[in-house]
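Structure file input-v4.cif with mmCIF, C-alpha atoms:
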data_input
#
loop_
_atom_site.label_atom_id
_atom_site.label_comp_id
_atom_site.auth_asym_id
_atom_site.auth_seq_id
_atom_site.Cartn_x
_atom_site.Cartn_y
_atom_site.Cartn_z
CA MET D 97 0.00 0.00 0.00
CA ILE D 98 2.07 2.90 -1.33
CA TYR D 99 -0.05 5.65 0.29
CA LEU D 100 0.42 4.22 3.77
CA GLN D 101 4.15 3.85 3.14
CA LEU D 102 4.35 7.46 1.94
CA PHE D 103 2.47 8.70 4.99
CA PHE D 104 4.73 6.87 7.44
CA GLU D 105 7.99 7.70 5.70
CA PHE D 106 7.15 11.41 5.64
CA PHE D 107 5.75 11.27 9.17
CA LYS D 108 9.18 9.99 10.23
CA ILE D 109 10.90 12.85 8.38
CA GLY D 110 8.58 15.37 10.06
CA LEU D 111 9.40 13.85 13.43
CA PHE D 112 13.18 13.75 13.07
CA ALA D 113 13.98 16.74 10.86
CA ILE D 114 14.69 19.46 13.41
CA GLY D 115 15.52 22.86 11.92
CA GLY D 116 15.05 24.33 8.48
CA GLY D 117 13.52 22.77 5.40
CA LEU D 118 16.79 21.61 3.84
CA VAL D 119 17.25 19.29 6.81
CA THR D 120 14.79 17.01 4.98
CA VAL D 121 17.25 16.49 2.10
CA PRO D 122 19.40 13.74 3.69
CA PHE D 123 16.23 11.88 4.67
CA LEU D 124 14.93 12.08 1.10
CA PHE D 125 18.29 10.79 -0.09
CA ASP D 126 17.75 7.67 2.02
CA LEU D 127 14.24 7.31 0.59
CA SER D 128 15.56 7.41 -2.97
CA GLU D 129 17.74 4.42 -2.12
CA ALA D 130 15.16 2.48 -0.14
CA TYR D 131 12.27 2.81 -2.62
CA ASP D 132 11.97 3.32 -6.36
CA TRP D 133 9.86 6.47 -5.85
CA PHE D 134 12.42 8.84 -7.36
CA THR D 135 16.07 8.83 -8.39
CA VAL D 136 18.92 10.91 -6.97
CA LYS D 137 18.93 12.93 -10.22
CA GLU D 138 15.24 13.73 -9.77
CA LEU D 139 16.00 14.69 -6.18
CA THR D 140 18.36 17.48 -7.29
CA ASP D 141 15.67 18.82 -9.63
CA MET D 142 13.23 18.72 -6.74
CA ILE D 143 15.56 20.73 -4.51
CA ALA D 144 15.98 23.40 -7.20
CA ILE D 145 12.23 23.67 -7.76
CA ALA D 146 11.35 23.55 -4.04
CA GLU D 147 13.78 26.37 -3.31
CA SER D 148 12.52 28.64 -6.04
CA THR D 149 8.79 28.28 -5.54
CA PRO D 150 6.73 29.88 -2.81
CA GLY D 151 6.13 27.93 0.37
CA PRO D 152 8.31 26.24 2.99
CA ILE D 153 11.05 24.19 1.29
CA GLY D 154 10.34 21.05 3.33
CA VAL D 155 6.66 21.10 2.39
CA ASN D 156 7.49 21.67 -1.27
CA MET D 157 9.91 18.75 -1.20
CA ALA D 158 7.31 16.42 0.35
CA THR D 159 4.66 17.41 -2.20
CA TYR D 160 7.05 16.92 -5.10
CA ALA D 161 8.48 13.62 -3.85
CA GLY D 162 5.01 12.25 -3.06
CA PHE D 163 3.75 13.32 -6.49
CA ASN D 164 6.67 11.61 -8.18
CA ALA D 165 6.02 8.42 -6.22
CA ALA D 166 2.23 8.16 -6.53
CA GLY D 167 0.61 11.09 -8.37
CA ILE D 168 -1.55 13.88 -6.97
CA LEU D 169 -2.90 11.86 -4.03
CA GLY D 170 0.67 10.80 -3.23
CA GLY D 171 1.73 14.46 -2.98
CA ILE D 172 -1.14 15.28 -0.65
CA ILE D 173 -0.53 12.26 1.60
CA ALA D 174 3.24 12.82 1.84
CA THR D 175 2.64 16.46 2.83
CA ILE D 176 0.06 15.55 5.46
CA GLY D 177 2.48 12.95 6.83
CA LEU D 178 5.23 15.56 7.06
CA VAL D 179 3.20 18.12 9.02
CA THR D 180 1.32 15.77 11.36
CA PRO D 181 4.17 15.45 13.93
CA SER D 182 4.56 19.26 13.97
CA VAL D 183 0.90 19.78 14.74
CA ILE D 184 0.87 17.19 17.55
CA VAL D 185 4.14 18.31 19.18
CA ILE D 186 3.40 22.04 18.97
CA ILE D 187 -0.08 21.65 20.45
CA MET D 188 1.45 19.72 23.36
CA ILE D 189 4.07 22.45 23.90
CA CYS D 190 1.43 25.20 23.79
CA ARG D 191 -0.53 23.43 26.53
CA LEU D 192 2.59 23.13 28.69
CA MET D 193 3.41 26.80 28.11
CA ASN D 194 -0.05 27.91 29.15
CA LYS D 195 0.49 26.04 32.41
CA TYR D 196 3.92 27.48 33.20
CA GLN D 197 3.62 30.92 31.63
CA CYS D 198 3.79 32.73 34.96
CA ASN D 199 6.83 30.85 36.25
CA ARG D 200 9.76 33.23 36.81
CA ARG D 201 12.40 30.82 35.49
CA VAL D 202 10.45 30.23 32.26
CA HIS D 203 10.41 33.99 31.79
CA THR D 204 14.16 34.25 32.35
CA VAL D 205 14.84 31.46 29.88
CA LEU D 206 12.63 32.96 27.17
CA GLU D 207 14.24 36.36 27.62
CA GLY D 208 17.71 34.83 27.21
CA ILE D 209 16.72 32.81 24.16
CA ARG D 210 15.61 35.89 22.18
CA PRO D 211 19.13 37.23 21.54
CA ALA D 212 20.16 33.71 20.45
CA VAL D 213 17.27 33.65 17.96
CA MET D 214 18.47 37.03 16.68
CA ALA D 215 21.88 35.43 16.10
CA LEU D 216 20.23 32.53 14.24
CA ILE D 217 18.27 34.91 12.03
CA ILE D 218 21.34 37.00 11.21
CA PHE D 219 23.39 33.88 10.50
CA ALA D 220 20.70 32.47 8.17
CA GLY D 221 20.40 35.86 6.48
CA VAL D 222 24.13 35.96 5.80
CA GLU D 223 24.03 32.42 4.35
CA LEU D 224 21.16 33.47 2.06
CA ALA D 225 23.02 36.65 1.12
CA LYS D 226 26.06 34.64 0.04
CA MET D 227 23.86 32.81 -2.48
CA ALA D 228 21.89 35.82 -3.71
CA LEU D 229 24.32 38.76 -3.73
CA ILE D 230 26.72 37.26 -6.25
CA ASP D 231 28.03 40.45 -7.84
CA LEU D 232 27.98 44.25 -7.69
CA SER D 233 24.68 44.67 -9.56
CA HIS D 234 22.89 42.40 -7.06
CA GLY D 235 24.50 44.40 -4.25
CA ILE D 236 23.24 47.69 -5.67
CA VAL D 237 19.69 46.33 -6.04
CA PHE D 238 19.91 45.13 -2.43
CA ALA D 239 21.00 48.57 -1.20
CA ILE D 240 18.17 50.32 -3.08
CA LEU D 241 15.53 47.86 -1.89
CA PHE D 242 16.79 48.02 1.69
CA ALA D 243 16.73 51.83 1.70
CA SER D 244 13.19 51.95 0.32
CA ILE D 245 11.97 49.35 2.84
CA ARG D 246 13.33 51.46 5.72
CA PHE D 247 11.97 54.64 4.20
CA TYR D 248 8.51 53.77 2.86
CA LYS D 249 7.43 50.83 5.07
CA LYS D 250 5.14 49.22 2.50
CA SER D 251 4.10 45.57 2.94
CA PRO D 252 6.63 42.77 2.28
CA VAL D 253 4.43 41.45 -0.54
CA PHE D 254 4.84 44.77 -2.35
CA TYR D 255 8.63 44.54 -2.12
CA LEU D 256 8.68 40.88 -3.23
CA GLY D 257 6.70 41.86 -6.34
CA LEU D 258 8.96 44.85 -6.95
CA SER D 259 12.10 42.74 -6.61
CA ALA D 260 10.76 40.16 -9.08
CA ILE D 261 10.11 42.99 -11.61
CA ILE D 262 13.58 44.43 -11.03
CA GLY D 263 15.02 40.94 -11.57
CA VAL D 264 13.31 40.59 -14.96
CA VAL D 265 13.93 44.16 -16.17
CA PHE D 266 17.63 44.19 -15.29
CA LYS D 267 18.20 40.47 -16.04
CA LEU D 268 19.74 39.73 -12.64
CA MET W 529 -9.10 37.15 13.95
CA ARG W 530 -10.16 34.43 16.32
CA ASN W 531 -12.13 33.08 13.47
CA LEU W 532 -10.83 30.05 11.65
CA LYS W 533 -11.35 31.43 8.17
CA ASP W 534 -9.17 34.46 8.99
CA LEU W 535 -6.36 32.21 10.23
CA PHE W 536 -6.64 30.02 7.15
CA VAL W 537 -6.57 32.98 4.75
CA LEU W 538 -3.69 34.66 6.61
CA PHE W 539 -1.46 31.58 6.43
CA CYS W 540 -2.43 30.88 2.82
CA LYS W 541 -1.10 34.34 2.05
CA ILE W 542 2.07 33.74 4.05
CA GLY W 543 2.60 30.33 2.41
CA LEU W 544 2.17 31.93 -0.99
CA PHE W 545 4.75 34.66 -0.39
CA THR W 546 7.37 32.75 1.58
CA PHE W 547 10.30 32.19 -0.75
CA GLY W 548 13.05 30.08 0.80
CA GLY W 549 12.12 28.57 4.13
CA GLY W 550 11.16 29.59 7.65
CA TYR W 551 13.37 32.66 7.99
CA ALA W 552 12.00 34.19 4.81
CA MET W 553 8.53 34.29 6.36
CA LEU W 554 9.69 36.41 9.31
CA PRO W 555 9.14 39.80 7.58
CA LEU W 556 5.64 38.68 6.49
CA LEU W 557 4.70 37.45 9.96
CA LYS W 558 5.95 40.63 11.58
CA ASP W 559 4.04 42.79 9.12
CA GLU W 560 0.74 40.89 9.48
CA LEU W 561 0.75 39.87 13.15
CA VAL W 562 2.80 42.55 14.92
CA ASN W 563 2.33 45.69 12.81
CA LYS W 564 -1.12 45.30 11.24
CA ARG W 565 -3.18 43.08 13.54
CA ARG W 566 -1.27 43.72 16.78
CA ILE W 567 -1.96 40.25 18.14
CA LEU W 568 1.67 39.41 18.88
CA THR W 569 4.57 41.45 20.26
CA GLU W 570 8.01 41.26 18.68
CA GLU W 571 9.22 39.36 21.75
CA GLU W 572 6.50 36.73 21.35
CA LEU W 573 7.37 36.34 17.68
CA LEU W 574 10.98 35.53 18.61
CA ASP W 575 9.80 33.05 21.29
CA ILE W 576 7.71 31.28 18.67
CA TYR W 577 10.74 31.10 16.36
CA ALA W 578 12.86 29.64 19.16
CA ILE W 579 10.28 26.93 19.78
CA GLY W 580 9.87 26.27 16.05
CA GLN W 581 13.64 25.76 15.81
CA CYS W 582 13.96 23.26 18.66
CA THR W 583 10.94 21.12 17.91
CA PRO W 584 10.59 18.46 15.25
CA GLY W 585 9.25 19.53 11.90
CA ILE W 586 9.50 22.37 9.43
CA ILE W 587 9.93 25.77 11.13
CA ALA W 588 7.28 27.44 8.98
CA VAL W 589 4.70 24.77 9.82
CA ASN W 590 5.58 24.82 13.52
CA THR W 591 5.14 28.59 13.57
CA ALA W 592 1.77 28.40 11.82
CA THR W 593 0.53 25.68 14.17
CA PHE W 594 1.72 27.63 17.21
CA ILE W 595 0.04 30.90 16.26
CA GLY W 596 -3.14 29.08 15.22
CA TYR W 597 -3.35 27.28 18.55
CA ARG W 598 -2.78 30.45 20.54
CA ARG W 599 -5.57 32.21 18.64
CA ALA W 600 -8.17 29.46 18.42
CA GLY W 601 -7.11 26.17 20.04
CA ASN W 602 -6.81 22.85 18.22
CA LYS W 603 -9.01 23.90 15.33
CA GLY W 604 -7.03 27.10 14.90
CA ALA W 605 -3.79 25.09 14.79
CA ILE W 606 -5.17 22.85 12.06
CA ALA W 607 -6.73 25.71 10.05
CA SER W 608 -3.42 27.64 10.05
CA THR W 609 -1.37 24.59 9.11
CA ILE W 610 -3.66 23.70 6.21
CA GLY W 611 -3.53 27.33 5.07
CA MET W 612 0.25 27.25 5.20
CA ILE W 613 0.65 24.08 3.12
CA LEU W 614 -2.16 24.58 0.59
CA PRO W 615 -0.29 27.00 -1.74
CA SER W 616 2.70 24.61 -1.80
CA LEU W 617 0.50 21.63 -2.63
CA LEU W 618 -1.24 23.45 -5.49
CA ILE W 619 1.84 25.12 -6.97
CA ILE W 620 4.16 22.12 -6.78
CA THR W 621 1.53 19.76 -8.17
CA LEU W 622 0.89 22.18 -11.03
CA ILE W 623 4.62 22.43 -11.74
CA ALA W 624 5.07 18.68 -11.62
CA LEU W 625 2.09 18.18 -13.93
CA VAL W 626 2.58 20.79 -16.62
CA LEU W 627 4.92 23.64 -15.84
CA LYS W 628 8.23 21.85 -15.33
CA GLN W 629 9.79 23.36 -18.47
CA TYR W 630 8.88 26.92 -17.43
CA MET W 631 11.09 26.61 -14.37
CA TYR W 632 14.09 26.68 -16.68
CA ASN W 633 12.80 29.72 -18.58
CA SER W 634 15.30 32.55 -18.22
CA TYR W 635 12.71 35.21 -17.29
CA VAL W 636 11.49 33.01 -14.46
CA SER W 637 15.03 32.66 -13.17
CA TYR W 638 15.63 36.44 -13.42
CA ALA W 639 12.50 37.02 -11.37
CA PHE W 640 13.66 34.56 -8.74
CA ALA W 641 17.12 36.11 -8.59
CA GLY W 642 15.37 39.44 -7.90
CA ILE W 643 13.13 37.89 -5.25
CA ARG W 644 16.11 36.34 -3.46
CA VAL W 645 17.70 39.80 -3.18
CA GLY W 646 14.37 41.24 -1.98
CA VAL W 647 14.01 38.55 0.71
CA ILE W 648 17.43 39.44 2.12
CA ALA W 649 16.60 43.16 2.16
CA LEU W 650 13.36 42.39 4.04
CA ILE W 651 15.13 40.17 6.57
CA ALA W 652 17.83 42.82 7.12
CA SER W 653 15.15 45.40 7.84
CA VAL W 654 13.35 43.13 10.32
CA VAL W 655 16.64 42.38 12.08
CA ILE W 656 17.13 46.11 12.70
CA ASP W 657 13.60 46.47 14.12
CA LEU W 658 14.05 43.47 16.41
CA TRP W 659 17.54 44.50 17.49
CA GLN W 660 16.37 47.75 19.06
CA LYS W 661 13.93 45.93 21.33
CA ASN W 662 15.80 42.75 22.22
CA ILE W 663 19.48 43.53 22.64
CA ARG W 664 19.33 46.19 25.33
CA SER W 665 21.06 44.78 28.40
CA TYR W 666 24.66 43.58 28.72
CA ALA W 667 23.35 40.11 29.59
CA ASN W 668 21.42 39.93 26.31
CA GLY W 669 24.37 41.29 24.36
CA THR W 670 26.64 38.63 25.87
CA ILE W 671 24.25 35.83 24.95
CA PHE W 672 23.99 37.23 21.42
CA VAL W 673 27.78 37.20 20.98
CA ILE W 674 28.07 33.68 22.42
CA ALA W 675 25.32 32.42 20.10
CA LEU W 676 26.94 34.00 17.05
CA ALA W 677 30.31 32.46 17.97
CA LEU W 678 28.77 29.01 18.45
CA LEU W 679 27.14 29.24 15.01
CA GLY W 680 29.98 30.83 13.07
CA ILE W 681 33.07 29.33 14.67
CA PHE W 682 31.96 26.05 16.21
CA ASN W 683 29.24 25.10 13.72
CA PHE W 684 26.66 24.36 16.40
CA SER W 685 23.18 23.46 15.17
CA ALA W 686 20.29 25.80 15.97
CA VAL W 687 18.91 23.46 18.63
CA TRP W 688 22.15 23.48 20.63
CA VAL W 689 22.56 27.24 20.31
CA ILE W 690 19.13 27.72 21.88
CA ILE W 691 19.82 25.20 24.65
CA VAL W 692 23.12 26.93 25.52
CA ALA W 693 21.40 30.34 25.49
CA ALA W 694 18.70 29.05 27.83
CA LEU W 695 21.33 27.74 30.27
CA CYS W 696 23.32 30.99 30.09
CA SER W 697 20.28 33.08 30.90
CA LEU W 698 19.28 30.81 33.79
CA ILE W 699 22.78 31.14 35.25
CA ILE W 700 22.81 34.93 34.78
CA GLY W 701 19.29 35.18 36.23
CA GLU W 702 20.06 33.08 39.31
CA PHE W 703 23.47 34.41 40.28
CA PHE W 704 23.85 37.92 38.96
CA LYS W 705 20.42 39.52 39.21
CA LYS W 706 18.35 39.67 42.30
#
Could you render the structure as structure tokens?
Amino acid sequence: MIYLQLFFEFFKIGLFAIGGGLVTVPFLFDLSEAYDWFTVKELTDMIAIAESTPGPIGVNMATYAGFNAAGILGGIIATIGLVTPSVIVIIMICRLMNKYQCNRRVHTVLEGIRPAVMALIIFAGVELAKMALIDLSHGIVFAILFASIRFYKKSPVFYLGLSAIIGVVFKL
Amino acid sequence: MRNLKDLFVLFCKIGLFTFGGGYAMLPLLKDELVNKRRILTEEELLDIYAIGQCTPGIIAVNTATFIGYRRAGNKGAIASTIGMILPSLLIITLIALVLKQYMYNSYVSYAFAGIRVGVIALIASVVIDLWQKNIRSYANGTIFVIALALLGIFNFSAVWVIIVAALCSLIIGEFFKK
């Protein structure tokens, strides 16, 4: 029963992949060896497409891999398998947090974690920048976009649209 | 926005405009939840990110589930998660079915190159906003520097960075502040 197999394999990935979406890649690599759902070559295509389409990369990967293995229903089932552990674990954590919200130590810990999350965000941003700001022209577009974001405060969606147009017009 | 349809629509929108993983959705979340709807503070948004990082699963999905649960319980968690994954399901299925060749079209790749630059500019701007509120004391500054060193020099994973930061702040809280 391929649908059940898909659900459980992606459930496992959802349960053990801690961190960003690309963490799912090594797991998918194992899948490509264990089943004949997709080849390693197809996996590289999937990564490229998952990274350059909207949506979380991990979810995109699950949809694509599931589709490759068993069509449209396969894509849906693999994706549901991937997110089910998240939903269960996060709901449990929320309940715990509601219970201990007023605890002084919990407060201290959360306050200390925030600067660490800032470091994680900056670090991830720099990694992304290394891939995107490949030459001077990209750097100039970045500077102009950044200045207008600080200055005009329009919605992020507006700037994403604008940056796509800039990309096409100037052939970035 | 306690209502399920609102949560679903909000996360559909975020799923549709998140290019490149959990961190890329931060500017969108801040704009919608902190600036426009005022249902989260910047501090709470960072807490949610910390939890999303240390728990199993995709950060973006964890964040959606978390916010959905806080707003409307179990049903809210499910409505937000479905909203978050629906654009991916539709777009990827469409690409796999018919559009595969367009992904290699040069105009499409120019547009994505532009979007990648835009995402970084948006993240940089959010970092500045968050910085002003969250790195104010020496204790916080110290934890920030330690976390950056662990990531950049010692290649720690996100989970360990957050665990170390939690321990540091417990120690500072117990022994240095009273």
Please report as a VMD selection string which residues of chain D come no farther than 6 Å from chain W, using all atoms listed in the file.
chain D and resid 110 to 117 147 150 to 153 156 159 182 to 183 205 208 to 212 215 228 238 242 252 256 259 to 260 263 to 264 267 to 268
Convert the output of the PyMOL selection byres ((chain D and resi 122-131) around 9) on the shown file into explicit residues, formatted as a list in words.
Glu105, Ile109, Ala113, Leu118, Val119, Thr120, Val121, Asp132, Trp133, Phe134, Thr135, Val136, Leu139, Met157, Ala158 and Ala161 of chain D
Residues as selected, C-alpha atoms, written as a PDB file, keeping the file's coordinate frame, can you do that?
ATOM      1  CA  GLU D 105       7.990   7.700   5.700  1.00  0.00           C
ATOM      2  CA  ILE D 109      10.900  12.850   8.380  1.00  0.00           C
ATOM      3  CA  ALA D 113      13.980  16.740  10.860  1.00  0.00           C
ATOM      4  CA  LEU D 118      16.790  21.610   3.840  1.00  0.00           C
ATOM      5  CA  VAL D 119      17.250  19.290   6.810  1.00  0.00           C
ATOM      6  CA  THR D 120      14.790  17.010   4.980  1.00  0.00           C
ATOM      7  CA  VAL D 121      17.250  16.490   2.100  1.00  0.00           C
ATOM      8  CA  ASP D 132      11.970   3.320  -6.360  1.00  0.00           C
ATOM      9  CA  TRP D 133       9.860   6.470  -5.850  1.00  0.00           C
ATOM     10  CA  PHE D 134      12.420   8.840  -7.360  1.00  0.00           C
ATOM     11  CA  THR D 135      16.070   8.830  -8.390  1.00  0.00           C
ATOM     12  CA  VAL D 136      18.920  10.910  -6.970  1.00  0.00           C
ATOM     13  CA  LEU D 139      16.000  14.690  -6.180  1.00  0.00           C
ATOM     14  CA  MET D 157       9.910  18.750  -1.200  1.00  0.00           C
ATOM     15  CA  ALA D 158       7.310  16.420   0.350  1.00  0.00           C
ATOM     16  CA  ALA D 161       8.480  13.620  -3.850  1.00  0.00           C
TER      17      ALA D 161
END
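Reported to one decimal place, the separation of CA of Ser244 (chain D) from CA of Asn563 (chain W) is 17.7 Å.
Separating CA of Ala144 (chain D) from CA of Gln101 (chain D) is a distance of 25.1 Å.
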Return as lines of an AutoDock Vina configuration file the box centre and box size in Å, one decimal, for an axis-aligned box around all listed atoms of region 167-171 of chain D padded by 4 Å per side.
center_x = -0.6
center_y = 12.6
center_z = -5.7
size_x = 12.6
size_y = 11.7
size_z = 13.4
Between CA of Ala166 (chain D) and CA of Tyr99 (chain D), what is the spacing in Å?
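According to the coordinates, CA of Tyr99 (chain D) and CA of Ala166 (chain D) are separated by 7.6 Å.
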Reconstruct N, CA, C and O atoms of region 198-218 of chain D from the incomplete input and present them as a short mmCIF file (atom, residue, chain, number, x, y, z; two decimals), in the frame of the given file.
data_model
loop_
_atom_site.label_atom_id
_atom_site.label_comp_id
_atom_site.auth_asym_id
_atom_site.auth_seq_id
_atom_site.Cartn_x
_atom_site.Cartn_y
_atom_site.Cartn_z
N CYS D 198 3.52 31.74 33.91
CA CYS D 198 3.79 32.73 34.96
C CYS D 198 5.04 32.40 35.77
O CYS D 198 5.46 33.18 36.62
N ASN D 199 5.63 31.25 35.51
CA ASN D 199 6.83 30.85 36.25
C ASN D 199 7.99 31.81 35.94
O ASN D 199 8.25 32.13 34.78
N ARG D 200 8.71 32.24 36.99
CA ARG D 200 9.76 33.23 36.81
C ARG D 200 10.92 32.68 35.97
O ARG D 200 11.47 33.36 35.12
N ARG D 201 11.28 31.41 36.22
CA ARG D 201 12.40 30.82 35.49
C ARG D 201 12.08 30.70 33.99
O ARG D 201 12.94 30.95 33.16
N VAL D 202 10.85 30.33 33.68
CA VAL D 202 10.45 30.23 32.26
C VAL D 202 10.62 31.59 31.59
O VAL D 202 11.12 31.70 30.47
N HIS D 203 10.25 32.64 32.31
CA HIS D 203 10.41 33.99 31.79
C HIS D 203 11.87 34.32 31.51
O HIS D 203 12.22 34.85 30.46
N THR D 204 12.73 33.99 32.51
CA THR D 204 14.16 34.25 32.35
C THR D 204 14.71 33.53 31.13
O THR D 204 15.44 34.10 30.33
N VAL D 205 14.33 32.25 30.99
CA VAL D 205 14.84 31.46 29.88
C VAL D 205 14.41 32.07 28.54
O VAL D 205 15.22 32.27 27.63
N LEU D 206 13.12 32.40 28.44
CA LEU D 206 12.63 32.96 27.17
C LEU D 206 13.34 34.26 26.84
O LEU D 206 13.71 34.52 25.70
N GLU D 207 13.57 35.09 27.86
CA GLU D 207 14.24 36.36 27.62
C GLU D 207 15.66 36.15 27.11
O GLU D 207 16.14 36.89 26.25
N GLY D 208 16.34 35.11 27.64
CA GLY D 208 17.71 34.83 27.21
C GLY D 208 17.79 34.17 25.84
O GLY D 208 18.79 34.28 25.15
N ILE D 209 16.70 33.49 25.45
CA ILE D 209 16.72 32.81 24.16
C ILE D 209 16.57 33.82 23.02
O ILE D 209 17.13 33.63 21.94
N ARG D 210 15.87 34.94 23.28
CA ARG D 210 15.61 35.89 22.18
C ARG D 210 16.87 36.40 21.49
O ARG D 210 16.92 36.41 20.27
N PRO D 211 17.91 36.81 22.25
CA PRO D 211 19.13 37.23 21.54
C PRO D 211 19.76 36.09 20.73
O PRO D 211 20.33 36.34 19.65
N ALA D 212 19.61 34.83 21.21
CA ALA D 212 20.16 33.71 20.45
C ALA D 212 19.39 33.53 19.14
O ALA D 212 19.97 33.21 18.10
N VAL D 213 18.07 33.74 19.20
CA VAL D 213 17.27 33.65 17.96
C VAL D 213 17.68 34.75 16.99
O VAL D 213 17.76 34.53 15.78
N MET D 214 17.97 35.94 17.54
CA MET D 214 18.47 37.03 16.68
C MET D 214 19.75 36.58 15.96
O MET D 214 19.91 36.83 14.76
N ALA D 215 20.64 35.91 16.72
CA ALA D 215 21.88 35.43 16.10
C ALA D 215 21.57 34.42 15.00
O ALA D 215 22.16 34.45 13.92
N LEU D 216 20.61 33.53 15.25
CA LEU D 216 20.23 32.53 14.24
C LEU D 216 19.69 33.21 12.98
O LEU D 216 20.02 32.82 11.86
N ILE D 217 18.86 34.23 13.18
CA ILE D 217 18.27 34.91 12.03
C ILE D 217 19.36 35.62 11.21
O ILE D 217 19.39 35.53 9.98
N ILE D 218 20.26 36.30 11.91
CA ILE D 218 21.34 37.00 11.21
C ILE D 218 22.22 36.01 10.45
O ILE D 218 22.57 36.21 9.29
#
